[in-house]
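For reference, the structure discussed in these notes is given below.
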Amino acid sequence: MSVRVRYAPSPTGLQHIGGIRTALFNYFFAKSSGGKFILRVEDTDRERYSDESLDDLYQTLEWLGIKWDEGPVVGGPYGPYIQSERFDIYKKYAEQLVAEGKAYYCYCTPERLEKLREEQTKNKSEYQGYDRHCANLTAEERAELERQGIKPVIRLKVPTEGKTTFHDVIMGDITRKNKDISPDPILLKSDGFPTYHLANVIDDHLMGITHIMRAQEWIPSGPLHVLLYQAFGWEVPTYCHLPMVMGKDGQKLSKRHGSTAVREFREKGYLPEAIINYVTLVGWSLDGSTEFLSKEQLEKCFKIENIHKNPGKFDYKKLDWFNSQYIRMADDERIASLMTPYLVKAGFISDPPSEQEEEKIKRLVKPAKERMKVISDIVDLSRFLFVDEPVTDENMYIAKGSDLENTKVALEKGGKILFDMLRSGEAEEKIEEALMNLANELGVKVNGVFQPIRVAITNSQVSLPLFDSIALLGLDVAEARLKRAVNMIKEK
RNA sequence: GGUUCCUUCGUCUAAUGGUUAGGACAGGAGAUUCUCAGUCUCUAAAUAGGGGUUCGAUUCCCCUAGGAACUACCA
């Protein structure tokens, strides 16, 4: 039987790291086993649903380059793939269960349930959950409640005896006593929408899903789902509960740990291949030493056996490392076009950029590439190129390895040597040598000459290498800046 | 509280009865005759604790401890 797996997110928020990790594992498992990857939108919670979330889902998967074989937009033989469009199906199956005596209508108000819950926690009752108040309503009682206009929910009858076991590829057998399963969970809400449990089980069956790969937080509802499959008389798919992605403190990754939405990472200038590579390595490994895996490689070598049991913490620093590595590997043209929006947004260049600006960006890539962790770093790295701000006292005088006198000489003499030689087309090595000689005369290290000049030209303690900076700026502009600094320092 | 799951360097992980317990990120030190970054080299750092089984346990079993998830008309 060929593999069919699905990613079934609920569009109630932006796609986050944990979510796409699940998507990626499903996708890679499908690809590596020659199966199908299906996308299903579980939008049964109309309170929390938002169009923005749905858009974000599509955009994020597209950005990552994850294509689904069946699902919304592309369609497929088991559609529709959006649960809100399958409304009638769930109702039908829920009512079937009621007719067979496996489920029942419940008229309890949210208020009563709330009160029940309060009492249970107050009394530290061992029994948690619904008290099966409506489990044995007579036809008359029901008719009366209906007449009062109360819209019922449908609850599953969970056996109080026995136990339920399911097999998990990663975890092994997981068994739970039926009496420990949340008593009589709601299948169909009073608004007629299914709950997750019902819709999920029905769709997985109807869509021929063979493996259910989802986060470990779903383990507790596993037995309940098995009970549902059994109630319908359906075969239970293979379970594969994925280890969770945690924050630094070992708790479920959430906003307080930092960025979690993929969109945020994208906006900061992370590359999709870095996200894919790193995220896949949390909870999975090929061999313990291979670090770099492209999407194409993963589509081939991903093995379900290599998924771990234990949760993994999300390490932002390692992601940064991957990202800087991928930036370096990417070709210059791509980096240039990725940098452009940040420069536009910073107000450095016009939108769209002029030809000269584009030329500038192109030349900026090489020296900047090695220095970026994320593409947005380009803004600070290139400020000197687009903004002409006179060097500040602070930057000028804290230049390492130079005092005021040396700084003056370095700027005046060094600057003259530098630009004269540059103008006559001398090689960089030669110029460096000349500046080194000057440094020797002054009795300072080379840096004592280079640093003041670079600061004068870039107004920054930390900047691109001097020759790169000058080349980027153009000789005239760079020299003008140097002269301005010389004049400034003369007055001190 | 109840239920279920988890436990190798700070972090992600490799090794499954026999290794000096390996790699990577982060940290530290140094090198690279311009800062930063990068690159290179070196370095420190772990089998949660206690019992078994065994000639031998990171690896198998039990207990303890710690952590996590779930416990909604949310998914």
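Each chain in the structure tokens gets a letter, A, B and so on, in the order shown; residues start at 1 in every chain, and ligands are counted from 1 in the order they appear.
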
Using only C-alpha atoms (C1' of nucleotides), what does the table of stretch 259-334 of chain A residues within 12 Å of stretch 35-44 of chain B look like, with each row giving the shortest atom pair and its distance in Å to one decimal, sorted by chain and ascending number, as CSV?
residue,atom,partner,partner_atom,distance
A:Trp321,CA,B:G38,C1',11.9
A:Ser324,CA,B:G38,C1',10.1
A:Gln325,CA,B:G38,C1',10.2
A:Arg328,CA,B:G38,C1',9.8

Preceding selection exported with C-alpha atoms as an mmCIF file, in the first residue's frame:
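That gives us result.cif:
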data_model
loop_
_atom_site.group_PDB
_atom_site.id
_atom_site.type_symbol
_atom_site.label_atom_id
_atom_site.label_comp_id
_atom_site.auth_asym_id
_atom_site.auth_seq_id
_atom_site.Cartn_x
_atom_site.Cartn_y
_atom_site.Cartn_z
ATOM 1 C CA TRP A 321 24.798 29.662 11.811
ATOM 2 C CA SER A 324 24.914 32.556 7.448
ATOM 3 C CA GLN A 325 26.339 29.463 5.824
ATOM 4 C CA ARG A 328 27.545 32.461 1.743
#

Which residues of chain B come within 10 Å of stretch 245-261 of chain A, and what is each one's closest atom pair and distance in Å (one decimal), counting only C-alpha atoms (C1' of nucleotides), sorted by chain and residue number, as a Markdown table?
| residue | atom | partner | partner_atom | distance |
| --- | --- | --- | --- | --- |
| B:U11 | C1' | A:Lys248 | CA | 8.6 |
| B:G67 | C1' | A:Gly250 | CA | 7.6 |
| B:A68 | C1' | A:Gln251 | CA | 6.9 |
| B:A69 | C1' | A:Lys252 | CA | 8.7 |

Contacts of B:A21 at 9 Å or less, counting only C-alpha atoms (C1' of nucleotides), minus same-chain residues fewer than 2 places along, as a count of residues only? 6

Those in stretch 96-329 of chain A with alpha helix (DSSP H) from DSSP, as a PyMOL selection string: chain A and resi 96-99+110-122+139-147+196-206+222-232+262-268+272-280+295-301+316-329

Return as JSON lines the residues of chain B lying at most 9 Å from chain A, together with the closest atom-to-atom pair for each and the distance in Å to one decimal, counting only C-alpha atoms (C1' of nucleotides), with rows in chain order and ascending residue number.
{"residue": "B:G1", "atom": "C1'", "partner": "A:Lys124", "partner_atom": "CA", "distance": 6.6}
{"residue": "B:G2", "atom": "C1'", "partner": "A:Glu126", "partner_atom": "CA", "distance": 6.6}
{"residue": "B:U3", "atom": "C1'", "partner": "A:Asp180", "partner_atom": "CA", "distance": 6.5}
{"residue": "B:U4", "atom": "C1'", "partner": "A:Pro220", "partner_atom": "CA", "distance": 6.4}
{"residue": "B:C5", "atom": "C1'", "partner": "A:Ile219", "partner_atom": "CA", "distance": 8.2}
{"residue": "B:C6", "atom": "C1'", "partner": "A:Asn310", "partner_atom": "CA", "distance": 5.4}
{"residue": "B:U7", "atom": "C1'", "partner": "A:Asn310", "partner_atom": "CA", "distance": 8.0}
{"residue": "B:U11", "atom": "C1'", "partner": "A:Asp315", "partner_atom": "CA", "distance": 6.5}
{"residue": "B:C12", "atom": "C1'", "partner": "A:Val282", "partner_atom": "CA", "distance": 6.5}
{"residue": "B:U13", "atom": "C1'", "partner": "A:Gly288", "partner_atom": "CA", "distance": 5.7}
{"residue": "B:A14", "atom": "C1'", "partner": "A:Gly288", "partner_atom": "CA", "distance": 4.5}
{"residue": "B:G22", "atom": "C1'", "partner": "A:Ser289", "partner_atom": "CA", "distance": 8.6}
{"residue": "B:G23", "atom": "C1'", "partner": "A:Ser289", "partner_atom": "CA", "distance": 4.9}
{"residue": "B:A24", "atom": "C1'", "partner": "A:Glu291", "partner_atom": "CA", "distance": 7.0}
{"residue": "B:C25", "atom": "C1'", "partner": "A:Lys318", "partner_atom": "CA", "distance": 4.9}
{"residue": "B:A26", "atom": "C1'", "partner": "A:Lys317", "partner_atom": "CA", "distance": 7.0}
{"residue": "B:U33", "atom": "C1'", "partner": "A:Val446", "partner_atom": "CA", "distance": 7.9}
{"residue": "B:C34", "atom": "C1'", "partner": "A:Phe450", "partner_atom": "CA", "distance": 5.0}
{"residue": "B:U35", "atom": "C1'", "partner": "A:Val462", "partner_atom": "CA", "distance": 5.4}
{"residue": "B:C36", "atom": "C1'", "partner": "A:Val462", "partner_atom": "CA", "distance": 5.0}
{"residue": "B:A37", "atom": "C1'", "partner": "A:Arg371", "partner_atom": "CA", "distance": 4.7}
{"residue": "B:G38", "atom": "C1'", "partner": "A:Glu370", "partner_atom": "CA", "distance": 5.8}
{"residue": "B:G67", "atom": "C1'", "partner": "A:Gly250", "partner_atom": "CA", "distance": 7.6}
{"residue": "B:A68", "atom": "C1'", "partner": "A:Gln251", "partner_atom": "CA", "distance": 6.9}
{"residue": "B:A69", "atom": "C1'", "partner": "A:Glu217", "partner_atom": "CA", "distance": 5.1}
{"residue": "B:C70", "atom": "C1'", "partner": "A:Pro220", "partner_atom": "CA", "distance": 5.6}
{"residue": "B:U71", "atom": "C1'", "partner": "A:Ser182", "partner_atom": "CA", "distance": 7.3}
{"residue": "B:C73", "atom": "C1'", "partner": "A:Lys189", "partner_atom": "CA", "distance": 4.8}
{"residue": "B:C74", "atom": "C1'", "partner": "A:Asp45", "partner_atom": "CA", "distance": 7.0}
{"residue": "B:A75", "atom": "C1'", "partner": "A:Tyr196", "partner_atom": "CA", "distance": 6.2}

So that I can check the secondary structure, give me every residue of stretch 85-236 of chain A assigned strand (DSSP E or B) by backbone DSSP, as a VMD selection string. chain A and resid 103 to 106 153 to 156 163 to 168 172 to 177 186 to 188 194 211 to 215

In Å, with one decimal, what is the gap from atom CA of A:Ala346 to atom CA of A:Asn459?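 Between atom CA of A:Ala346 and atom CA of A:Asn459 the gap works out to 17.7 Å.
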
Please indicate the distance in Å from atom CA of A:Ala103 to atom CA of A:Thr238, rounded to one decimal place.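 Between atom CA of A:Ala103 and atom CA of A:Thr238 the gap is 25.0 Å.
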
At what distance in Å, to one decimal, does atom CA of A:Arg46 lie from atom CA of A:Leu116? 25.4 Å

Considering only C-alpha atoms (C1' of nucleotides), return as a list in words whatever protein or nucleic-acid residues lie within 12 Å of B:G49, sequence-local ones (same chain, fewer than 5 positions apart) excluded.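 Final neighbour list, sorted by chain and number: U7, C63, U64, A65 and G66 of chain B.
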
Using C-alpha atoms (C1' of nucleotides), can you export the residues from the last selection as a compact mmCIF listing (two decimals), in the first residue's frame?
# COMPACT_ATOMS: atom_id res chain seq x y z
C1' U B 7 16.20 11.70 30.07
C1' C B 63 13.25 1.78 41.34
C1' U B 64 14.00 6.97 42.39
C1' A B 65 14.51 11.88 40.75
C1' G B 66 13.70 15.55 37.18

Would you kindly return, as an NGL selection string, each protein, DNA or RNA residue with an atom no farther than 10 Å from any atom of A:Leu228, considering only C-alpha atoms (C1' of nucleotides) and excluding same-chain residues fewer than 3 positions away? :A and (97 or 102 or 156-158 or 187 or 197-198 or 201-202 or 222-225 or 231-234 or 236)

Those selected residues, please, written with C-alpha atoms and delivered as a PDB file, in the first residue's frame.
ATOM      1  CA  LEU A  97     -23.144   6.873  15.618  1.00  0.00           C
ATOM      2  CA  LYS A 102     -22.536   4.696  20.161  1.00  0.00           C
ATOM      3  CA  LEU A 156     -19.259   9.752  22.020  1.00  0.00           C
ATOM      4  CA  LYS A 157     -19.983   7.015  24.535  1.00  0.00           C
ATOM      5  CA  VAL A 158     -16.594   6.086  25.915  1.00  0.00           C
ATOM      6  CA  LEU A 187     -18.036  15.021  18.424  1.00  0.00           C
ATOM      7  CA  HIS A 197     -11.534  14.477  16.902  1.00  0.00           C
ATOM      8  CA  LEU A 198     -14.478  13.677  14.689  1.00  0.00           C
ATOM      9  CA  VAL A 201     -10.796  10.689  12.096  1.00  0.00           C
ATOM     10  CA  ILE A 202     -13.417  10.819   9.378  1.00  0.00           C
ATOM     11  CA  GLY A 222      -4.749   8.657  20.385  1.00  0.00           C
ATOM     12  CA  PRO A 223      -6.864   6.099  22.240  1.00  0.00           C
ATOM     13  CA  LEU A 224      -9.947   8.226  21.769  1.00  0.00           C
ATOM     14  CA  HIS A 225      -9.354   8.300  18.037  1.00  0.00           C
ATOM     15  CA  ALA A 231     -17.036   2.706  16.412  1.00  0.00           C
ATOM     16  CA  PHE A 232     -17.114   3.278  12.663  1.00  0.00           C
ATOM     17  CA  GLY A 233     -15.616  -0.113  11.970  1.00  0.00           C
ATOM     18  CA  TRP A 234     -12.654   1.405  10.175  1.00  0.00           C
ATOM     19  CA  VAL A 236      -6.757   2.349  12.276  1.00  0.00           C
TER      20      VAL A 236
END

Shell around stretch 264-270 of chain A at 8 Å using only C-alpha atoms (C1' of nucleotides), local window under 6 positions removed, as a list in words: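 Within the cut-off, the hits are Asn323, Leu338, Val374, Ile375 and Ser376 of chain A.
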
Got a sec: who's within 8 Å of stretch 54-71 of chain A, counting only C-alpha atoms (C1' of nucleotides), leaving out chain neighbours fewer than 4 positions off, as a compact mmCIF listing (two decimals) with N, CA and C atoms, in the first residue's frame?
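So the final result, stored in part-v7.txt, reads:
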# COMPACT_ATOMS: atom_id res chain seq x y z
N PRO A 11 -6.19 26.95 10.55
CA PRO A 11 -5.81 28.34 10.24
C PRO A 11 -6.28 29.31 11.32
N THR A 12 -5.68 29.20 12.47
CA THR A 12 -6.06 30.08 13.57
C THR A 12 -4.89 30.95 14.01
N LEU A 14 -0.53 32.26 12.65
CA LEU A 14 0.52 32.15 11.64
C LEU A 14 1.20 30.79 11.75
N GLN A 15 1.67 30.30 10.64
CA GLN A 15 2.42 29.05 10.64
C GLN A 15 3.68 29.22 11.48
N LEU A 24 7.03 19.37 7.26
CA LEU A 24 8.26 18.90 6.62
C LEU A 24 8.44 17.39 6.79
N TYR A 27 6.01 15.67 4.63
CA TYR A 27 6.39 15.86 3.23
C TYR A 27 7.59 14.97 2.86
N LYS A 36 2.16 10.05 -1.25
CA LYS A 36 1.50 11.33 -1.52
C LYS A 36 1.44 12.18 -0.26
N PHE A 37 1.68 13.46 -0.48
CA PHE A 37 1.59 14.43 0.62
C PHE A 37 0.34 15.26 0.41
N ILE A 38 -0.53 15.22 1.40
CA ILE A 38 -1.82 15.88 1.27
C ILE A 38 -1.93 17.05 2.25
N LEU A 39 -2.51 18.13 1.78
CA LEU A 39 -2.76 19.26 2.67
C LEU A 39 -4.25 19.34 2.95
N ARG A 40 -4.58 19.45 4.21
CA ARG A 40 -6.00 19.55 4.57
C ARG A 40 -6.15 20.69 5.56
N SER A 50 -9.11 32.67 10.79
CA SER A 50 -8.92 33.94 10.09
C SER A 50 -8.39 33.70 8.68
N GLY A 75 -6.60 20.57 -5.63
CA GLY A 75 -7.64 19.56 -5.72
C GLY A 75 -7.14 18.15 -5.51
N GLY A 76 -7.92 17.19 -5.96
CA GLY A 76 -7.57 15.79 -5.76
C GLY A 76 -8.83 14.94 -5.67
N PRO A 77 -8.65 13.64 -5.70
CA PRO A 77 -9.80 12.72 -5.77
C PRO A 77 -10.62 12.60 -4.49
N GLY A 79 -11.45 15.31 -2.41
CA GLY A 79 -11.85 16.63 -1.95
C GLY A 79 -13.31 16.71 -1.56
N PRO A 80 -13.74 17.84 -1.07
CA PRO A 80 -12.90 19.01 -0.79
C PRO A 80 -11.93 18.77 0.38
N TYR A 81 -10.87 19.55 0.38
CA TYR A 81 -9.84 19.37 1.40
C TYR A 81 -9.89 20.44 2.48
N ILE A 82 -10.97 21.17 2.45
CA ILE A 82 -11.18 22.17 3.50
C ILE A 82 -12.38 21.71 4.31
N VAL A 262 6.98 31.48 10.99
CA VAL A 262 7.89 31.38 9.86
C VAL A 262 7.98 32.72 9.14
N ARG A 263 6.85 33.40 9.09
CA ARG A 263 6.82 34.70 8.43
C ARG A 263 7.82 35.67 9.04
N PRO A 272 14.93 30.08 3.10
CA PRO A 272 14.10 28.90 3.31
C PRO A 272 14.93 27.62 3.48
N GLU A 273 16.02 27.52 2.73
CA GLU A 273 16.80 26.29 2.85
C GLU A 273 17.44 26.14 4.23
N ILE A 276 14.56 25.00 6.55
CA ILE A 276 14.24 23.60 6.29
C ILE A 276 15.32 22.70 6.87

Distance criterion (only C-alpha atoms): nearest to A:Phe29 out of A:Phe384, A:Phe87, A:Tyr130, A:Phe302: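 Answer, going by the shortest atom-to-atom distance: A:Phe302.
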